[in-house]
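Undergrad: The structure under discussion is supplied below as structure tokens; questions concerning it will follow.
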2 protein chains.
Amino acid sequence: MAQRMRLKLRTVFVLYFLVSLLGLVYALMQLGQRCDCTEHDLPYERTISRLRGELHKLQEDIHKIESSPQAQKPKSSLPTIYVITPTYARLVQKAELTRLSQSLLHVPALHWILVEDAAQKTTLVSNLLRNSGLSYTHLHMPTAPQRKLHEGDPNWLKPRGVEQRNEGLRWLREDRRALPGGVSEQGVVYFADDDNTYSLQLFQEMRSTQKVSVWPVGLVGAMKYESPTVKAGKVVGFHTGWRPSRPFPIDMAGFAVSLRLLLTHPDTCFDGDAPQGFLESSLLQGLVTMDELEPRADNCTKVLVWHTRTEKPKLKREEALQAQGLGSDPAVEV
Amino acid sequence: MAQRMRLKLRTVFVLYFLVSLLGLVYALMQLGQRCDCTEHDLPYERTISRLRGELHKLQEDIHKIESSPQAQKPKSSLPTIYVITPTYARLVQKAELTRLSQSLLHVPALHWILVEDAAQKTTLVSNLLRNSGLSYTHLHMPTAPQRKLHEGDPNWLKPRGVEQRNEGLRWLREDRRALPGGVSEQGVVYFADDDNTYSLQLFQEMRSTQKVSVWPVGLVGAMKYESPTVKAGKVVGFHTGWRPSRPFPIDMAGFAVSLRLLLTHPDTCFDGDAPQGFLESSLLQGLVTMDELEPRADNCTKVLVWHTRTEKPKLKREEALQAQGLGSDPAVEV
């Protein structure tokens with residue numbers, strides 16, 4: 001009887017052992033399996049907008065974490081790129097800002113500082129920024145009358161955007177310095193004019209700037225490209241068609257500065273009285289020496305930004321129609 | 001002895017039962033839990049690029065499903081926008097295509113048909129497309145010598161991009177017609193030159209095109225904008241500075257055509273011999289009448305696309321340096 005009882009118990013035990021082993025194996029397999037996040041069953045449109053939303057939410061999260069003073073900065077978080085763009089009212093302004101904003105919208109952890117050359121912020125730029133989907137700061141700073149270019153003046157006569165870039169720097173220094181702790185200093189500052197063309201890779205290259213990073217600029221200075229000359233990973237000179245002896249013969253689009261460096265040099269800014277071609281040098285001289293420059297873009301062998309210029313549109317038919325009272329509706333924003 | 005043995009076995013059995021029950025409960029909890037797709041532990045950059053990848057994969061999936069003949073079309077799926085862009089080799093080509101591709105990359109369910117004016121596909125364009133993240137078709141079609149603009153010719157002397165746009169149409173008709181069923185016909189065709197500026201809203205406006213949709217174009221024809229004139233939701237005329245009597249005084253950037261309409265009119269294309277300003281009419285005349293046009297952009301009161309033109313860069317310093325053997329490295333792609 002006890003013998004049979006023991007046998008029966010052992011059989012039950014063995015059977016149960018086998019069944020539960022299968023369960024355990026299944027549970028382990030579940031643990032090893034990857035999540036399937038594609039959720040093919042959802043309607044496609046909703047899925048896309050949700051993914052977009054997640055993407056933007058993530059970008060915002062990153063920015064919030066980086067901007068938050070109390071945040072413990074995780075090592076893997078991205079330094080924010082602060083893009084300072086001077087802009088002024090003209091026929092192609094909205095078009096230029098539209099395509100620039102579309103480029104910037106692809107870049108994570110980016111804050112756009114748009115500085116209008118105007119006595120007050122305009123509705124056009126305010127609306128454009130509000131609808132851009134970007135993290136931004138909207139500033140304005142009119143150019144002093146004696147520095148302004150006049151109708152017919154050649155572009156190079158006076159440097160443009162000086163006061164606006166300096167206003168962007170002022171805002172950055174006040175806003176970022178106000179935050180306690182080192183978190184606020186993790187960042188990169190780039191001066192992006194509103195008519196250039198920027199590849200997305202450019203922003204990846206500048207993200208790791210320690211002091212000042214540099215790279216080639218295409219279609220600038222009446223050259224195919226201008227570029228720092230790099231030997232053994234160090235900048236040893238400059239490929240440029242004009243006055244290579246300038247301290248930093250680098251276009252505004254050809255360098256980025258770490259926020260930390262700008263905060264530890266609180267008085268360094270652009271000098272509006274610098275001679276033509278020396279505006280970039282007037283900032284960089286106060287921050288860095290040539291051998292400290294950090295070459296990017298494959299040791300300055302890749303062109304990732306282009307100094308494109310947009311033609312000023314001619315309105316001769318518009319003017320003819322206006323003379324007959326048949327001009328375009330001024331209420332339509334162009 | 002048997003009694004003790006039985007007791008001991010029972011204790012082991014009960015203990016084992018309890019432990020494996022816990023395992024089972026854990027496995028069941030695992031099954032019920034939702035996937036956590038945010039994976040906050042991953043470095044942000046990797047997470048973002050993964051989300052981007054998922055997004056693009058989804059877009060491709062949608063495109064595949066829409067193109068797939070056996071697919072049952074869900075009501076919520078987006079008609080694909082086929083963007084036909086003629087392009088030709090020049091100094092600013094890579095810059096222009098770079099920023100256009102960045103704009104298009106924001107638009108879901110879009111397929112880019114890029115047609116080079118060249119005897120064969122170039123490496124520059126091939127690489128750019130491969131790295132663009134877009135769904136695309138790369139074609140080429142050289143302009144016949146007698147139609148080519150020569151150095152110094154004004155832009156308006158001969159229409160540009162005619163053969164390339166027609167090649168895009170040919171591809172669409174062959175590729176889409178080959179698919180049985182109506183699925184392949186759900187789509188919209190837009191002719192987007194590589195130097196214009198496109199707001200993202202424009203693509204939302206054209207997505208629902210039934211036959212031909214129209215809207216204003218900024219900075220075109222020596223006007224602030226050209227636009228269809230709309231009364232009671234119907235196009236009744238055109239605001240233009242030149243020959244408003246043309247059948248369709250609309251710029252190439254100012255209309256989109258449903259794929260279905262192009263497939264049911266298999267011989268309609270652009271006429272390269274059309275007089276200046278009549279190229280758009282040469283296509284539209286064969287497809288639609290004025291009162292069938294579908295006004296978009298708030299009854300044609302919003303400018304969502306700009307006919308921007310990029311200056312041709314001057315290379316006088318490059319040429320001077322080249323004469324001394326000091327020109328830019330030809331191996332560097334600009």
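Chain identifiers are assigned as A, B, and so on, following the order in which chains appear in the structure tokens; residues are numbered from 1 within each chain, and ligands are numbered from 1 in order of appearance.
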Find the spatial neighbours of Glu116 of chain B, counting only C-alpha atoms, within a cut-off of 8 Å - ignore same-chain residues fewer than 5 positions away - and output them as a ChimeraX atom specification.
TA: /B:86-88,121,138-142,164
Undergrad: With a distance cut-off of 9 Å and only C-alpha atoms, select the neighbouring residues of Tyr225 of chain A, excluding the residue or stretch itself and same-chain residues fewer than 4 positions from it, and output the selection as a ChimeraX atom specification.
TA: /A:216-221,239-240,303,306 /B:318,328,332,334
Undergrad: Take the residues from that selection and put them in a file with N, CA, C and O atoms, as a CSV table (one decimal), in the first residue's frame.
TA:
```csv
chain,number,residue,atom,x,y,z
A,216,PRO,N,35.1,72.7,-43.5
A,216,PRO,CA,35.0,73.4,-44.7
A,216,PRO,C,33.6,74.0,-45.0
A,216,PRO,O,32.6,73.6,-44.4
A,217,VAL,N,33.6,75.1,-45.7
A,217,VAL,CA,32.3,75.8,-46.2
A,217,VAL,C,32.3,75.8,-47.7
A,217,VAL,O,33.3,76.3,-48.3
A,218,GLY,N,31.3,75.3,-48.3
A,218,GLY,CA,31.2,75.3,-49.8
A,218,GLY,C,30.8,76.6,-50.3
A,218,GLY,O,30.0,77.4,-49.7
A,219,LEU,N,31.2,77.0,-51.5
A,219,LEU,CA,30.7,78.1,-52.3
A,219,LEU,C,30.8,79.4,-51.6
A,219,LEU,O,29.9,80.3,-51.7
A,220,VAL,N,32.0,79.6,-51.0
A,220,VAL,CA,32.2,80.9,-50.2
A,220,VAL,C,33.4,81.6,-50.7
A,220,VAL,O,34.4,80.9,-51.1
A,221,GLY,N,33.5,82.9,-50.6
A,221,GLY,CA,34.7,83.7,-50.8
A,221,GLY,C,35.2,83.5,-52.3
A,221,GLY,O,36.4,83.5,-52.5
A,239,HIS,N,42.9,77.0,-46.4
A,239,HIS,CA,42.7,77.1,-47.8
A,239,HIS,C,41.7,78.2,-48.1
A,239,HIS,O,40.5,78.0,-47.8
A,240,THR,N,42.1,79.4,-48.6
A,240,THR,CA,41.2,80.5,-48.8
A,240,THR,C,41.8,81.3,-50.0
A,240,THR,O,43.0,81.3,-50.2
A,303,VAL,N,32.5,68.7,-47.5
A,303,VAL,CA,31.7,69.9,-47.4
A,303,VAL,C,30.3,69.5,-46.9
A,303,VAL,O,29.6,68.8,-47.6
A,306,TRP,N,26.9,74.9,-47.2
A,306,TRP,CA,27.1,75.7,-48.4
A,306,TRP,C,26.6,77.1,-48.2
A,306,TRP,O,25.5,77.3,-47.6
B,318,GLU,N,38.9,81.3,-56.9
B,318,GLU,CA,39.2,79.9,-57.3
B,318,GLU,C,40.0,79.8,-58.6
B,318,GLU,O,41.0,79.1,-58.6
B,328,SER,N,41.2,74.5,-55.3
B,328,SER,CA,40.6,73.6,-54.3
B,328,SER,C,40.8,72.1,-54.8
B,328,SER,O,40.8,71.9,-56.0
B,332,VAL,N,37.3,66.8,-53.5
B,332,VAL,CA,36.3,67.2,-52.5
B,332,VAL,C,35.0,67.5,-53.2
B,332,VAL,O,35.0,68.5,-54.0
B,334,VAL,N,31.5,69.2,-53.7
B,334,VAL,CA,30.8,70.4,-53.1
B,334,VAL,C,29.4,70.3,-53.4
B,334,VAL,O,29.0,70.0,-54.6
```
Undergrad: For Glu205 of chain A, work out the shell of residues within 12 Å, counting only C-alpha atoms and skipping chain neighbours fewer than 5 positions away, then give it as a list in words.
TA: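 Listed by chain and then number, they are Ile81, Val107, Val188, Tyr190, Tyr198, Ser199, Leu200, Gln210, Val212, Ser213, Val214, Trp215, Pro216, Gly254, Phe255, Ala256, Glu294, Pro295, Arg296, Ala297, Asp298, Asn299, Cys300, Lys302, Val303, Leu304 and Val305 of chain A.
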Undergrad: Between A:Ala144, A:Leu263, A:Leu78, A:Val235, single out the one closest to chain B, counting only C-alpha atoms.
TA: A:Leu78
Undergrad: Where does DSSP see helix (DSSP H, G or I) in segment 68-167 of chain B, if you list the residues as a list in words?
TA: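 Selection result, helix (DSSP H, G or I) within segment 68-167 of chain B: Gln93, Lys94, Ala95, Glu96, Leu97, Thr98, Arg99, Leu100, Ser101, Gln102, Ser103, Leu104, Thr123, Leu124, Val125, Ser126, Asn127, Leu128, Leu129, Arg130, Pro145, Gln146, Arg147, Val162, Glu163, Gln164, Arg165, Asn166 and Glu167 of chain B.
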Undergrad: Can you pull out every residue from segment 247-318 of chain B that DSSP, working from the backbone, puts in strand (DSSP E or B), and format the result as a list of chain:residue names?
TA: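 The residues of segment 247-318 of chain B classed as strand (DSSP E or B) are B:Phe255, B:Ala256, B:Val257, B:Ser258, B:Glu294, B:Pro295, B:Val305, B:Trp306, B:Thr310.
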Undergrad: Using all heavy atoms, can you write the selected residues to a file as a PDB file, in the first residue's frame?
TA:
```
ATOM      1  N   PHE B 255       0.439  73.688 -59.023  1.00  0.00           N
ATOM      2  CA  PHE B 255      -0.649  72.724 -59.213  1.00  0.00           C
ATOM      3  C   PHE B 255      -0.165  71.301 -58.957  1.00  0.00           C
ATOM      4  O   PHE B 255       1.030  71.012 -59.014  1.00  0.00           O
ATOM      5  CB  PHE B 255      -1.230  72.830 -60.638  1.00  0.00           C
ATOM      6  CG  PHE B 255      -0.264  72.416 -61.716  1.00  0.00           C
ATOM      7  CD1 PHE B 255      -0.232  71.095 -62.176  1.00  0.00           C
ATOM      8  CD2 PHE B 255       0.629  73.329 -62.277  1.00  0.00           C
ATOM      9  CE1 PHE B 255       0.652  70.705 -63.165  1.00  0.00           C
ATOM     10  CE2 PHE B 255       1.516  72.940 -63.260  1.00  0.00           C
ATOM     11  CZ  PHE B 255       1.537  71.631 -63.706  1.00  0.00           C
ATOM     12  N   ALA B 256      -1.118  70.417 -58.673  1.00  0.00           N
ATOM     13  CA  ALA B 256      -0.836  68.981 -58.573  1.00  0.00           C
ATOM     14  C   ALA B 256      -1.928  68.242 -59.331  1.00  0.00           C
ATOM     15  O   ALA B 256      -3.052  68.728 -59.454  1.00  0.00           O
ATOM     16  CB  ALA B 256      -0.805  68.533 -57.118  1.00  0.00           C
ATOM     17  N   VAL B 257      -1.572  67.068 -59.854  1.00  0.00           N
ATOM     18  CA  VAL B 257      -2.486  66.301 -60.693  1.00  0.00           C
ATOM     19  C   VAL B 257      -2.690  64.929 -60.063  1.00  0.00           C
ATOM     20  O   VAL B 257      -1.738  64.329 -59.551  1.00  0.00           O
ATOM     21  CB  VAL B 257      -1.895  66.133 -62.114  1.00  0.00           C
ATOM     22  CG1 VAL B 257      -2.880  65.428 -63.030  1.00  0.00           C
ATOM     23  CG2 VAL B 257      -1.515  67.485 -62.705  1.00  0.00           C
ATOM     24  N   SER B 258      -3.912  64.443 -60.107  1.00  0.00           N
ATOM     25  CA  SER B 258      -4.136  63.097 -59.560  1.00  0.00           C
ATOM     26  C   SER B 258      -3.511  62.069 -60.493  1.00  0.00           C
ATOM     27  O   SER B 258      -3.542  62.215 -61.720  1.00  0.00           O
ATOM     28  CB  SER B 258      -5.628  62.822 -59.380  1.00  0.00           C
ATOM     29  OG  SER B 258      -6.186  62.369 -60.591  1.00  0.00           O
ATOM     30  N   GLU B 294      -9.380  72.608 -58.593  1.00  0.00           N
ATOM     31  CA  GLU B 294      -9.742  72.567 -57.172  1.00  0.00           C
ATOM     32  C   GLU B 294      -8.857  73.530 -56.386  1.00  0.00           C
ATOM     33  O   GLU B 294      -7.686  73.247 -56.181  1.00  0.00           O
ATOM     34  CB  GLU B 294      -9.545  71.138 -56.647  1.00  0.00           C
ATOM     35  CG  GLU B 294     -10.356  70.091 -57.394  1.00  0.00           C
ATOM     36  CD  GLU B 294      -9.657  68.740 -57.446  1.00  0.00           C
ATOM     37  OE1 GLU B 294      -9.056  68.320 -56.446  1.00  0.00           O
ATOM     38  OE2 GLU B 294      -9.696  68.108 -58.526  1.00  0.00           O
ATOM     39  N   PRO B 295      -9.417  74.670 -55.950  1.00  0.00           N
ATOM     40  CA  PRO B 295      -8.582  75.619 -55.209  1.00  0.00           C
ATOM     41  C   PRO B 295      -8.207  75.084 -53.831  1.00  0.00           C
ATOM     42  O   PRO B 295      -9.041  74.497 -53.145  1.00  0.00           O
ATOM     43  CB  PRO B 295      -9.455  76.867 -55.100  1.00  0.00           C
ATOM     44  CG  PRO B 295     -10.848  76.423 -55.380  1.00  0.00           C
ATOM     45  CD  PRO B 295     -10.776  75.165 -56.177  1.00  0.00           C
ATOM     46  N   VAL B 305       4.209  78.101 -51.167  1.00  0.00           N
ATOM     47  CA  VAL B 305       5.379  77.702 -51.954  1.00  0.00           C
ATOM     48  C   VAL B 305       5.962  78.962 -52.597  1.00  0.00           C
ATOM     49  O   VAL B 305       5.221  79.866 -52.996  1.00  0.00           O
ATOM     50  CB  VAL B 305       5.005  76.624 -53.001  1.00  0.00           C
ATOM     51  CG1 VAL B 305       3.835  77.060 -53.876  1.00  0.00           C
ATOM     52  CG2 VAL B 305       6.198  76.232 -53.871  1.00  0.00           C
ATOM     53  N   TRP B 306       7.283  79.018 -52.637  1.00  0.00           N
ATOM     54  CA  TRP B 306       7.960  80.207 -53.141  1.00  0.00           C
ATOM     55  C   TRP B 306       8.920  79.818 -54.266  1.00  0.00           C
ATOM     56  O   TRP B 306       9.688  78.858 -54.132  1.00  0.00           O
ATOM     57  CB  TRP B 306       8.766  80.881 -52.025  1.00  0.00           C
ATOM     58  CG  TRP B 306       7.933  81.368 -50.892  1.00  0.00           C
ATOM     59  CD1 TRP B 306       7.465  82.641 -50.696  1.00  0.00           C
ATOM     60  CD2 TRP B 306       7.486  80.604 -49.742  1.00  0.00           C
ATOM     61  NE1 TRP B 306       6.746  82.711 -49.519  1.00  0.00           N
ATOM     62  CE2 TRP B 306       6.740  81.483 -48.922  1.00  0.00           C
ATOM     63  CE3 TRP B 306       7.621  79.268 -49.347  1.00  0.00           C
ATOM     64  CZ2 TRP B 306       6.161  81.066 -47.721  1.00  0.00           C
ATOM     65  CZ3 TRP B 306       7.032  78.851 -48.164  1.00  0.00           C
ATOM     66  CH2 TRP B 306       6.319  79.743 -47.368  1.00  0.00           C
ATOM     67  N   THR B 310      18.403  80.526 -56.624  1.00  0.00           N
ATOM     68  CA  THR B 310      19.693  80.620 -55.949  1.00  0.00           C
ATOM     69  C   THR B 310      20.713  81.257 -56.887  1.00  0.00           C
ATOM     70  O   THR B 310      20.768  80.909 -58.071  1.00  0.00           O
ATOM     71  CB  THR B 310      20.139  79.218 -55.504  1.00  0.00           C
ATOM     72  OG1 THR B 310      19.111  78.671 -54.678  1.00  0.00           O
ATOM     73  CG2 THR B 310      21.425  79.270 -54.714  1.00  0.00           C
TER      74      THR B 310
END
```
Undergrad: Could you name the residues that touch Gly241 of chain A at 8 Å or less, counting only C-alpha atoms, but leaving out those on the same chain fewer than 3 positions away, as a count of residues only?
TA: 8
Undergrad: Here is a test: counting only C-alpha atoms, which residue of B:Phe278, B:Tyr136, B:Phe248, B:Trp242 is nearest to chain A?
TA: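 Going through B:Phe278, B:Tyr136, B:Phe248, B:Trp242 one by one, the smallest distance to chain A is for B:Trp242.
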Undergrad: If we count only C-alpha atoms, what is near Met290 of chain B at a cut-off of 10 Å, once residues fewer than 5 positions away on the same chain are taken out, given as a PyMOL selection string?
TA: chain B and resi 212+228+234-237+247-248+284-285
Undergrad: Considering only C-alpha atoms, return as a PDB file with N, CA, C and O atoms, in the first residue's frame whatever protein or nucleic-acid residues lie within 10 Å of Leu124 of chain B, sequence-local ones (same chain, fewer than 5 positions apart) excluded.
TA:
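Printed below is selection.pdb as written:
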```pdb
ATOM      1  N   ALA B  89      23.444  69.167 -63.352  1.00  0.00           N
ATOM      2  CA  ALA B  89      24.717  69.391 -62.661  1.00  0.00           C
ATOM      3  C   ALA B  89      25.084  70.870 -62.697  1.00  0.00           C
ATOM      4  O   ALA B  89      25.049  71.505 -63.746  1.00  0.00           O
ATOM      5  N   GLN B  93      24.062  72.407 -57.117  1.00  0.00           N
ATOM      6  CA  GLN B  93      23.130  71.275 -57.199  1.00  0.00           C
ATOM      7  C   GLN B  93      23.024  70.495 -55.887  1.00  0.00           C
ATOM      8  O   GLN B  93      21.930  70.213 -55.405  1.00  0.00           O
ATOM      9  N   LYS B  94      24.177  70.137 -55.304  1.00  0.00           N
ATOM     10  CA  LYS B  94      24.131  69.309 -54.093  1.00  0.00           C
ATOM     11  C   LYS B  94      23.453  70.064 -52.945  1.00  0.00           C
ATOM     12  O   LYS B  94      22.665  69.488 -52.193  1.00  0.00           O
ATOM     13  N   LEU B 129      20.778  60.499 -52.871  1.00  0.00           N
ATOM     14  CA  LEU B 129      19.492  59.804 -52.738  1.00  0.00           C
ATOM     15  C   LEU B 129      19.601  58.657 -51.747  1.00  0.00           C
ATOM     16  O   LEU B 129      18.733  58.461 -50.892  1.00  0.00           O
ATOM     17  N   GLU B 333      33.957  66.788 -52.891  1.00  0.00           N
ATOM     18  CA  GLU B 333      32.640  67.030 -53.503  1.00  0.00           C
ATOM     19  C   GLU B 333      31.984  68.239 -52.839  1.00  0.00           C
ATOM     20  O   GLU B 333      31.939  68.324 -51.626  1.00  0.00           O
ATOM     21  N   VAL B 334      31.494  69.162 -53.676  1.00  0.00           N
ATOM     22  CA  VAL B 334      30.848  70.370 -53.119  1.00  0.00           C
ATOM     23  C   VAL B 334      29.362  70.333 -53.438  1.00  0.00           C
ATOM     24  O   VAL B 334      28.975  70.030 -54.557  1.00  0.00           O
TER      25      VAL B 334
END
```
Undergrad: Between A:Arg147, A:Arg170, A:Arg243, A:His265, which has the minimum distance to chain B (counting only C-alpha atoms)?
TA: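 Ranking A:Arg147, A:Arg170, A:Arg243, A:His265 by distance to chain B, first place goes to A:Arg243.
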